[in-house]
>>> print(open('target22.cif').read())   # mmCIF, N, CA and C atoms
data_protein
loop_
_atom_site.group_PDB
_atom_site.id
_atom_site.type_symbol
_atom_site.label_atom_id
_atom_site.label_comp_id
_atom_site.auth_asym_id
_atom_site.auth_seq_id
_atom_site.Cartn_x
_atom_site.Cartn_y
_atom_site.Cartn_z
ATOM 1 N N MET A 1 -17.912 -11.036 -8.767
ATOM 2 C CA MET A 1 -16.981 -10.572 -7.749
ATOM 3 C C MET A 1 -15.594 -10.457 -8.372
ATOM 4 N N HIS A 2 -14.932 -9.350 -8.115
ATOM 5 C CA HIS A 2 -13.582 -9.109 -8.623
ATOM 6 C C HIS A 2 -12.643 -8.862 -7.451
ATOM 7 N N ILE A 3 -11.410 -9.311 -7.624
ATOM 8 C CA ILE A 3 -10.388 -9.153 -6.588
ATOM 9 C C ILE A 3 -9.122 -8.639 -7.252
ATOM 10 N N VAL A 4 -8.485 -7.651 -6.625
ATOM 11 C CA VAL A 4 -7.193 -7.176 -7.107
ATOM 12 C C VAL A 4 -6.221 -7.168 -5.935
ATOM 13 N N ILE A 5 -4.991 -7.544 -6.241
ATOM 14 C CA ILE A 5 -3.907 -7.475 -5.266
ATOM 15 C C ILE A 5 -3.004 -6.330 -5.722
ATOM 16 N N LEU A 6 -2.937 -5.297 -4.903
ATOM 17 C CA LEU A 6 -2.146 -4.103 -5.189
ATOM 18 C C LEU A 6 -0.936 -4.121 -4.275
ATOM 19 N N THR A 7 0.255 -4.161 -4.860
ATOM 20 C CA THR A 7 1.491 -4.210 -4.077
ATOM 21 C C THR A 7 2.339 -2.992 -4.404
ATOM 22 N N LEU A 8 2.720 -2.270 -3.357
ATOM 23 C CA LEU A 8 3.549 -1.080 -3.511
ATOM 24 C C LEU A 8 4.869 -1.294 -2.785
ATOM 25 N N THR A 9 5.960 -0.983 -3.467
ATOM 26 C CA THR A 9 7.292 -1.081 -2.891
ATOM 27 C C THR A 9 7.808 0.336 -2.676
ATOM 28 N N PHE A 10 8.340 0.589 -1.480
ATOM 29 C CA PHE A 10 8.778 1.919 -1.091
ATOM 30 C C PHE A 10 10.268 1.942 -0.795
ATOM 31 N N SER A 11 10.886 3.085 -1.059
ATOM 32 C CA SER A 11 12.244 3.381 -0.631
ATOM 33 C C SER A 11 12.134 4.468 0.433
ATOM 34 N N LEU A 12 12.878 4.292 1.513
ATOM 35 C CA LEU A 12 12.870 5.260 2.609
ATOM 36 C C LEU A 12 14.284 5.813 2.781
ATOM 37 N N PRO A 13 14.714 6.737 1.926
ATOM 38 C CA PRO A 13 16.066 7.280 2.009
ATOM 39 C C PRO A 13 16.327 7.940 3.363
ATOM 40 N N GLY A 14 17.476 7.650 3.914
ATOM 41 C CA GLY A 14 17.869 8.259 5.168
ATOM 42 C C GLY A 14 17.249 7.647 6.406
ATOM 43 N N CYS A 15 16.443 6.643 6.244
ATOM 44 C CA CYS A 15 15.805 5.995 7.394
ATOM 45 C C CYS A 15 16.846 5.108 8.079
ATOM 46 N N SER A 16 17.033 5.305 9.382
ATOM 47 C CA SER A 16 18.134 4.623 10.057
ATOM 48 C C SER A 16 17.707 3.592 11.098
ATOM 49 N N SER A 17 16.410 3.408 11.298
ATOM 50 C CA SER A 17 15.967 2.420 12.284
ATOM 51 C C SER A 17 14.571 1.921 11.939
ATOM 52 N N LEU A 18 14.226 0.768 12.502
ATOM 53 C CA LEU A 18 12.885 0.240 12.296
ATOM 54 C C LEU A 18 11.838 1.143 12.960
ATOM 55 N N LYS A 19 12.206 1.779 14.057
ATOM 56 C CA LYS A 19 11.295 2.706 14.723
ATOM 57 C C LYS A 19 10.969 3.884 13.800
ATOM 58 N N GLU A 20 11.990 4.444 13.176
ATOM 59 C CA GLU A 20 11.764 5.548 12.242
ATOM 60 C C GLU A 20 10.926 5.073 11.049
ATOM 61 N N LYS A 21 11.193 3.875 10.582
ATOM 62 C CA LYS A 21 10.424 3.314 9.473
ATOM 63 C C LYS A 21 8.945 3.228 9.849
ATOM 64 N N ARG A 22 8.646 2.734 11.045
ATOM 65 C CA ARG A 22 7.244 2.636 11.491
ATOM 66 C C ARG A 22 6.603 4.018 11.557
ATOM 67 N N GLN A 23 7.355 5.013 11.992
ATOM 68 C CA GLN A 23 6.822 6.376 12.057
ATOM 69 C C GLN A 23 6.526 6.915 10.664
ATOM 70 N N ARG A 24 7.435 6.668 9.738
ATOM 71 C CA ARG A 24 7.251 7.191 8.378
ATOM 72 C C ARG A 24 6.169 6.454 7.606
ATOM 73 N N MET A 25 6.042 5.158 7.847
ATOM 74 C CA MET A 25 5.037 4.357 7.136
ATOM 75 C C MET A 25 3.754 4.211 7.958
ATOM 76 N N GLY A 26 3.794 4.703 9.187
ATOM 77 C CA GLY A 26 2.690 4.524 10.123
ATOM 78 C C GLY A 26 1.357 5.011 9.586
ATOM 79 N N GLY A 27 0.345 4.321 9.979
ATOM 80 C CA GLY A 27 -0.996 4.735 9.631
ATOM 81 C C GLY A 27 -1.554 4.115 8.366
ATOM 82 N N LEU A 28 -0.747 3.419 7.578
ATOM 83 C CA LEU A 28 -1.288 2.806 6.359
ATOM 84 C C LEU A 28 -2.402 1.820 6.694
ATOM 85 N N HIS A 29 -2.135 0.997 7.675
ATOM 86 C CA HIS A 29 -3.149 0.005 8.054
ATOM 87 C C HIS A 29 -4.405 0.695 8.583
ATOM 88 N N ALA A 30 -4.234 1.691 9.424
ATOM 89 C CA ALA A 30 -5.381 2.394 10.003
ATOM 90 C C ALA A 30 -6.168 3.167 8.937
ATOM 91 N N ARG A 31 -5.461 3.790 7.994
ATOM 92 C CA ARG A 31 -6.134 4.595 6.969
ATOM 93 C C ARG A 31 -6.927 3.765 5.982
ATOM 94 N N PHE A 32 -6.371 2.614 5.589
ATOM 95 C CA PHE A 32 -7.010 1.847 4.522
ATOM 96 C C PHE A 32 -7.677 0.567 4.999
ATOM 97 N N GLY A 33 -7.251 0.050 6.140
ATOM 98 C CA GLY A 33 -7.809 -1.199 6.642
ATOM 99 C C GLY A 33 -9.209 -1.067 7.216
ATOM 100 N N ASN A 34 -9.666 0.169 7.436
ATOM 101 C CA ASN A 34 -11.010 0.379 7.970
ATOM 102 C C ASN A 34 -12.095 0.233 6.913
ATOM 103 N N THR A 35 -11.717 0.251 5.657
ATOM 104 C CA THR A 35 -12.672 0.091 4.573
ATOM 105 C C THR A 35 -13.027 -1.398 4.451
ATOM 106 N N PRO A 36 -14.315 -1.741 4.477
ATOM 107 C CA PRO A 36 -14.711 -3.158 4.471
ATOM 108 C C PRO A 36 -14.209 -3.955 3.264
ATOM 109 N N SER A 37 -13.984 -3.294 2.147
ATOM 110 C CA SER A 37 -13.576 -4.016 0.933
ATOM 111 C C SER A 37 -12.067 -4.085 0.761
ATOM 112 N N VAL A 38 -11.291 -3.588 1.756
ATOM 113 C CA VAL A 38 -9.829 -3.532 1.640
ATOM 114 C C VAL A 38 -9.170 -4.222 2.833
ATOM 115 N N ALA A 39 -8.202 -5.084 2.525
ATOM 116 C CA ALA A 39 -7.323 -5.658 3.544
ATOM 117 C C ALA A 39 -5.914 -5.179 3.224
ATOM 118 N N VAL A 40 -5.128 -4.849 4.252
ATOM 119 C CA VAL A 40 -3.790 -4.290 4.023
ATOM 120 C C VAL A 40 -2.805 -4.840 5.045
ATOM 121 N N CYS A 41 -1.567 -5.076 4.574
ATOM 122 C CA CYS A 41 -0.516 -5.530 5.499
ATOM 123 C C CYS A 41 0.854 -5.189 4.913
ATOM 124 N N GLU A 42 1.854 -5.112 5.804
ATOM 125 C CA GLU A 42 3.234 -4.984 5.346
ATOM 126 C C GLU A 42 3.667 -6.379 4.917
ATOM 127 N N SER A 43 3.933 -6.542 3.646
ATOM 128 C CA SER A 43 4.144 -7.882 3.093
ATOM 129 C C SER A 43 5.593 -8.216 2.781
ATOM 130 N N GLY A 44 6.482 -7.242 2.869
ATOM 131 C CA GLY A 44 7.876 -7.530 2.551
ATOM 132 C C GLY A 44 8.801 -6.463 3.085
ATOM 133 N N GLU A 45 10.090 -6.772 3.058
ATOM 134 C CA GLU A 45 11.141 -5.850 3.504
ATOM 135 C C GLU A 45 10.941 -5.419 4.952
ATOM 136 N N ARG A 46 10.433 -6.304 5.772
ATOM 137 C CA ARG A 46 10.132 -5.970 7.172
ATOM 138 C C ARG A 46 11.363 -5.652 8.002
ATOM 139 N N ASP A 47 12.485 -6.263 7.696
ATOM 140 C CA ASP A 47 13.691 -6.079 8.508
ATOM 141 C C ASP A 47 14.637 -5.018 7.962
ATOM 142 N N ARG A 48 14.297 -4.406 6.848
ATOM 143 C CA ARG A 48 15.144 -3.352 6.274
ATOM 144 C C ARG A 48 14.674 -1.988 6.749
ATOM 145 N N HIS A 49 15.621 -1.115 7.047
ATOM 146 C CA HIS A 49 15.285 0.244 7.482
ATOM 147 C C HIS A 49 14.872 1.115 6.313
ATOM 148 N N ASP A 50 15.498 0.883 5.161
ATOM 149 C CA ASP A 50 15.361 1.803 4.038
ATOM 150 C C ASP A 50 14.395 1.349 2.956
ATOM 151 N N ALA A 51 13.600 0.318 3.232
ATOM 152 C CA ALA A 51 12.642 -0.170 2.230
ATOM 153 C C ALA A 51 11.437 -0.780 2.930
ATOM 154 N N SER A 52 10.327 -0.825 2.190
ATOM 155 C CA SER A 52 9.113 -1.424 2.720
ATOM 156 C C SER A 52 8.244 -1.872 1.547
ATOM 157 N N GLU A 53 7.456 -2.903 1.781
ATOM 158 C CA GLU A 53 6.510 -3.373 0.771
ATOM 159 C C GLU A 53 5.170 -3.586 1.463
ATOM 160 N N TRP A 54 4.125 -3.046 0.864
ATOM 161 C CA TRP A 54 2.781 -3.172 1.418
ATOM 162 C C TRP A 54 1.854 -3.742 0.356
ATOM 163 N N THR A 55 0.965 -4.634 0.792
ATOM 164 C CA THR A 55 0.005 -5.259 -0.113
ATOM 165 C C THR A 55 -1.409 -4.954 0.348
ATOM 166 N N PHE A 56 -2.231 -4.592 -0.622
ATOM 167 C CA PHE A 56 -3.646 -4.302 -0.407
ATOM 168 C C PHE A 56 -4.441 -5.315 -1.226
ATOM 169 N N VAL A 57 -5.434 -5.931 -0.620
ATOM 170 C CA VAL A 57 -6.353 -6.812 -1.334
ATOM 171 C C VAL A 57 -7.694 -6.100 -1.356
ATOM 172 N N ILE A 58 -8.202 -5.849 -2.554
ATOM 173 C CA ILE A 58 -9.422 -5.074 -2.721
ATOM 174 C C ILE A 58 -10.450 -5.940 -3.435
ATOM 175 N N VAL A 59 -11.642 -5.981 -2.878
ATOM 176 C CA VAL A 59 -12.715 -6.825 -3.397
ATOM 177 C C VAL A 59 -13.904 -5.941 -3.758
ATOM 178 N N GLY A 60 -14.545 -6.233 -4.884
ATOM 179 C CA GLY A 60 -15.727 -5.464 -5.275
ATOM 180 C C GLY A 60 -16.511 -6.158 -6.362
ATOM 181 N N LEU A 61 -17.691 -5.646 -6.593
ATOM 182 C CA LEU A 61 -18.566 -6.241 -7.601
ATOM 183 C C LEU A 61 -18.190 -5.829 -9.020
ATOM 184 N N TYR A 62 -17.633 -4.633 -9.167
ATOM 185 C CA TYR A 62 -17.340 -4.113 -10.497
ATOM 186 C C TYR A 62 -15.858 -3.778 -10.629
ATOM 187 N N LYS A 63 -15.281 -4.214 -11.744
ATOM 188 C CA LYS A 63 -13.848 -4.004 -11.975
ATOM 189 C C LYS A 63 -13.490 -2.521 -11.992
ATOM 190 N N ARG A 64 -14.312 -1.701 -12.588
ATOM 191 C CA ARG A 64 -14.002 -0.263 -12.676
ATOM 192 C C ARG A 64 -13.978 0.386 -11.294
ATOM 193 N N ASP A 65 -14.844 -0.083 -10.378
ATOM 194 C CA ASP A 65 -14.840 0.447 -9.015
ATOM 195 C C ASP A 65 -13.554 0.072 -8.279
ATOM 196 N N ILE A 66 -13.105 -1.156 -8.492
ATOM 197 C CA ILE A 66 -11.858 -1.611 -7.866
ATOM 198 C C ILE A 66 -10.671 -0.831 -8.431
ATOM 199 N N GLU A 67 -10.651 -0.625 -9.743
ATOM 200 C CA GLU A 67 -9.574 0.149 -10.358
ATOM 201 C C GLU A 67 -9.552 1.577 -9.818
ATOM 202 N N SER A 68 -10.726 2.156 -9.641
ATOM 203 C CA SER A 68 -10.822 3.501 -9.078
ATOM 204 C C SER A 68 -10.309 3.528 -7.643
ATOM 205 N N GLN A 69 -10.654 2.522 -6.869
ATOM 206 C CA GLN A 69 -10.192 2.455 -5.485
ATOM 207 C C GLN A 69 -8.672 2.290 -5.428
ATOM 208 N N CYS A 70 -8.102 1.499 -6.329
ATOM 209 C CA CYS A 70 -6.642 1.354 -6.402
ATOM 210 C C CYS A 70 -5.990 2.697 -6.689
ATOM 211 N N SER A 71 -6.532 3.422 -7.638
ATOM 212 C CA SER A 71 -5.984 4.729 -7.987
ATOM 213 C C SER A 71 -6.071 5.692 -6.810
ATOM 214 N N GLN A 72 -7.174 5.650 -6.074
ATOM 215 C CA GLN A 72 -7.335 6.512 -4.906
ATOM 216 C C GLN A 72 -6.306 6.168 -3.829
ATOM 217 N N ILE A 73 -6.081 4.881 -3.612
ATOM 218 C CA ILE A 73 -5.087 4.445 -2.630
ATOM 219 C C ILE A 73 -3.700 4.941 -3.036
ATOM 220 N N GLU A 74 -3.330 4.729 -4.301
ATOM 221 C CA GLU A 74 -2.019 5.155 -4.783
ATOM 222 C C GLU A 74 -1.839 6.665 -4.641
ATOM 223 N N GLU A 75 -2.868 7.428 -4.982
ATOM 224 C CA GLU A 75 -2.775 8.881 -4.908
ATOM 225 C C GLU A 75 -2.645 9.343 -3.456
ATOM 226 N N LYS A 76 -3.446 8.783 -2.569
ATOM 227 C CA LYS A 76 -3.399 9.190 -1.163
ATOM 228 C C LYS A 76 -2.045 8.837 -0.537
ATOM 229 N N ILE A 77 -1.510 7.679 -0.876
ATOM 230 C CA ILE A 77 -0.198 7.284 -0.366
ATOM 231 C C ILE A 77 0.869 8.258 -0.869
ATOM 232 N N GLY A 78 0.781 8.622 -2.131
ATOM 233 C CA GLY A 78 1.741 9.573 -2.690
ATOM 234 C C GLY A 78 1.742 10.908 -1.972
ATOM 235 N N ARG A 79 0.587 11.323 -1.457
ATOM 236 C CA ARG A 79 0.464 12.602 -0.749
ATOM 237 C C ARG A 79 0.829 12.512 0.723
ATOM 238 N N THR A 80 0.632 11.357 1.347
ATOM 239 C CA THR A 80 0.696 11.301 2.811
ATOM 240 C C THR A 80 1.856 10.507 3.399
ATOM 241 N N VAL A 81 2.527 9.685 2.614
ATOM 242 C CA VAL A 81 3.585 8.836 3.154
ATOM 243 C C VAL A 81 4.947 9.456 2.855
ATOM 244 N N ASP A 82 5.815 9.475 3.871
ATOM 245 C CA ASP A 82 7.158 10.039 3.747
ATOM 246 C C ASP A 82 8.116 8.972 3.206
ATOM 247 N N ALA A 83 7.869 8.580 1.958
ATOM 248 C CA ALA A 83 8.689 7.559 1.290
ATOM 249 C C ALA A 83 8.483 7.714 -0.214
ATOM 250 N N ARG A 84 9.398 7.137 -0.981
ATOM 251 C CA ARG A 84 9.276 7.136 -2.437
ATOM 252 C C ARG A 84 8.653 5.830 -2.893
ATOM 253 N N VAL A 85 7.634 5.913 -3.717
ATOM 254 C CA VAL A 85 7.039 4.708 -4.301
ATOM 255 C C VAL A 85 7.951 4.274 -5.446
ATOM 256 N N MET A 86 8.516 3.076 -5.319
ATOM 257 C CA MET A 86 9.462 2.584 -6.322
ATOM 258 C C MET A 86 8.789 1.684 -7.349
ATOM 259 N N ASN A 87 7.738 0.978 -6.930
ATOM 260 C CA ASN A 87 7.089 0.037 -7.825
ATOM 261 C C ASN A 87 5.640 -0.146 -7.391
ATOM 262 N N VAL A 88 4.759 -0.282 -8.378
ATOM 263 C CA VAL A 88 3.347 -0.559 -8.133
ATOM 264 C C VAL A 88 2.937 -1.723 -9.024
ATOM 265 N N GLU A 89 2.341 -2.732 -8.425
ATOM 266 C CA GLU A 89 1.860 -3.882 -9.193
ATOM 267 C C GLU A 89 0.389 -4.112 -8.871
ATOM 268 N N ARG A 90 -0.382 -4.335 -9.915
ATOM 269 C CA ARG A 90 -1.800 -4.694 -9.771
ATOM 270 C C ARG A 90 -1.999 -6.065 -10.399
ATOM 271 N N GLU A 91 -2.554 -6.969 -9.612
ATOM 272 C CA GLU A 91 -2.810 -8.320 -10.111
ATOM 273 C C GLU A 91 -4.291 -8.645 -9.878
ATOM 274 N N PHE A 92 -5.007 -8.849 -10.984
ATOM 275 C CA PHE A 92 -6.420 -9.210 -10.879
ATOM 276 C C PHE A 92 -6.544 -10.720 -10.757
ATOM 277 N N VAL A 93 -7.311 -11.140 -9.770
ATOM 278 C CA VAL A 93 -7.470 -12.576 -9.494
ATOM 279 C C VAL A 93 -8.833 -13.008 -10.005
#
>>> encode(input="target22.cif", output="structure tokens")
Amino acid sequence: MHIVILTLTFSLPGCSSLKEKRQRMGGLHARFGNTPSVAVCESGERDRHDASEWTFVIVGLYKRDIESQCSQIEEKIGRTVDARVMNVEREFV
């Protein structure tokens, strides 16, 4: 069994309220949390309008499958989220 913790830090330029932040970051939990091998939550910068941090915990039998799933998550976020990805960290447990 392999576990990876994937943490993405976002910048939301021009975001002026927490409501707007939720709209721009909305759907991350719904899009990725439905997968049985993935848990997702907003893990940091909750009170800032212009930044956000999200953590994904991915579990699988094979390391290459988990790495592929991380790459898919990063790519989909890059296409669908109205924010700039500032930092990506992968930590294998």
>>> residues_around(input="target22.cif", residues="segment 50-64 of chain A", least_positions_apart="4", cutoff="9 Å", atoms="only C-alpha atoms", output="number ranges by chain")
A: 1-18, 21, 25, 28, 32-33, 36-46, 68-70, 83
>>> select_by_dssp(input="target22.cif", residues="chain A", states="strand (DSSP E or B)", output="ChimeraX atom specification")
/A:2-11,38-44,51-60,84-92
>>> atom_distance(input="target22.cif", atom1="atom C of Glu89 of chain A", atom2="atom CA of Ala30 of chain A")
20.8 Å
>>> resolve_selection(input="target22.cif", expression="the PyMOL selection byres (((chain A and resi 80 and name CA) around 12) and name CA)", output="list of chain:residue names")
A:Arg24, A:Met25, A:Gly26, A:Gly27, A:Leu28, A:Arg31, A:Ile73, A:Glu74, A:Glu75, A:Lys76, A:Ile77, A:Gly78, A:Arg79, A:Val81, A:Asp82, A:Ala83, A:Arg84, A:Val85
>>> select_by_dssp(input="target22.cif", residues="segment 1-69 of chain A", states="alpha helix (DSSP H)", output="list in words")
Leu18, Lys19, Glu20, Lys21, Arg22, Gln23, Arg24, Met25, Leu28, His29, Ala30, Arg31, Phe32, Lys63, Arg64, Asp65, Ile66, Glu67, Ser68 and Gln69 of chain A
>>> atom_distance(input="target22.cif", atom1="atom C of Val88 of chain A", atom2="atom N of Ile66 of chain A")
16.1 Å
>>> atom_distance(input="target22.cif", atom1="atom C of Asp47 of chain A", atom2="atom N of Arg90 of chain A")
23.4 Å
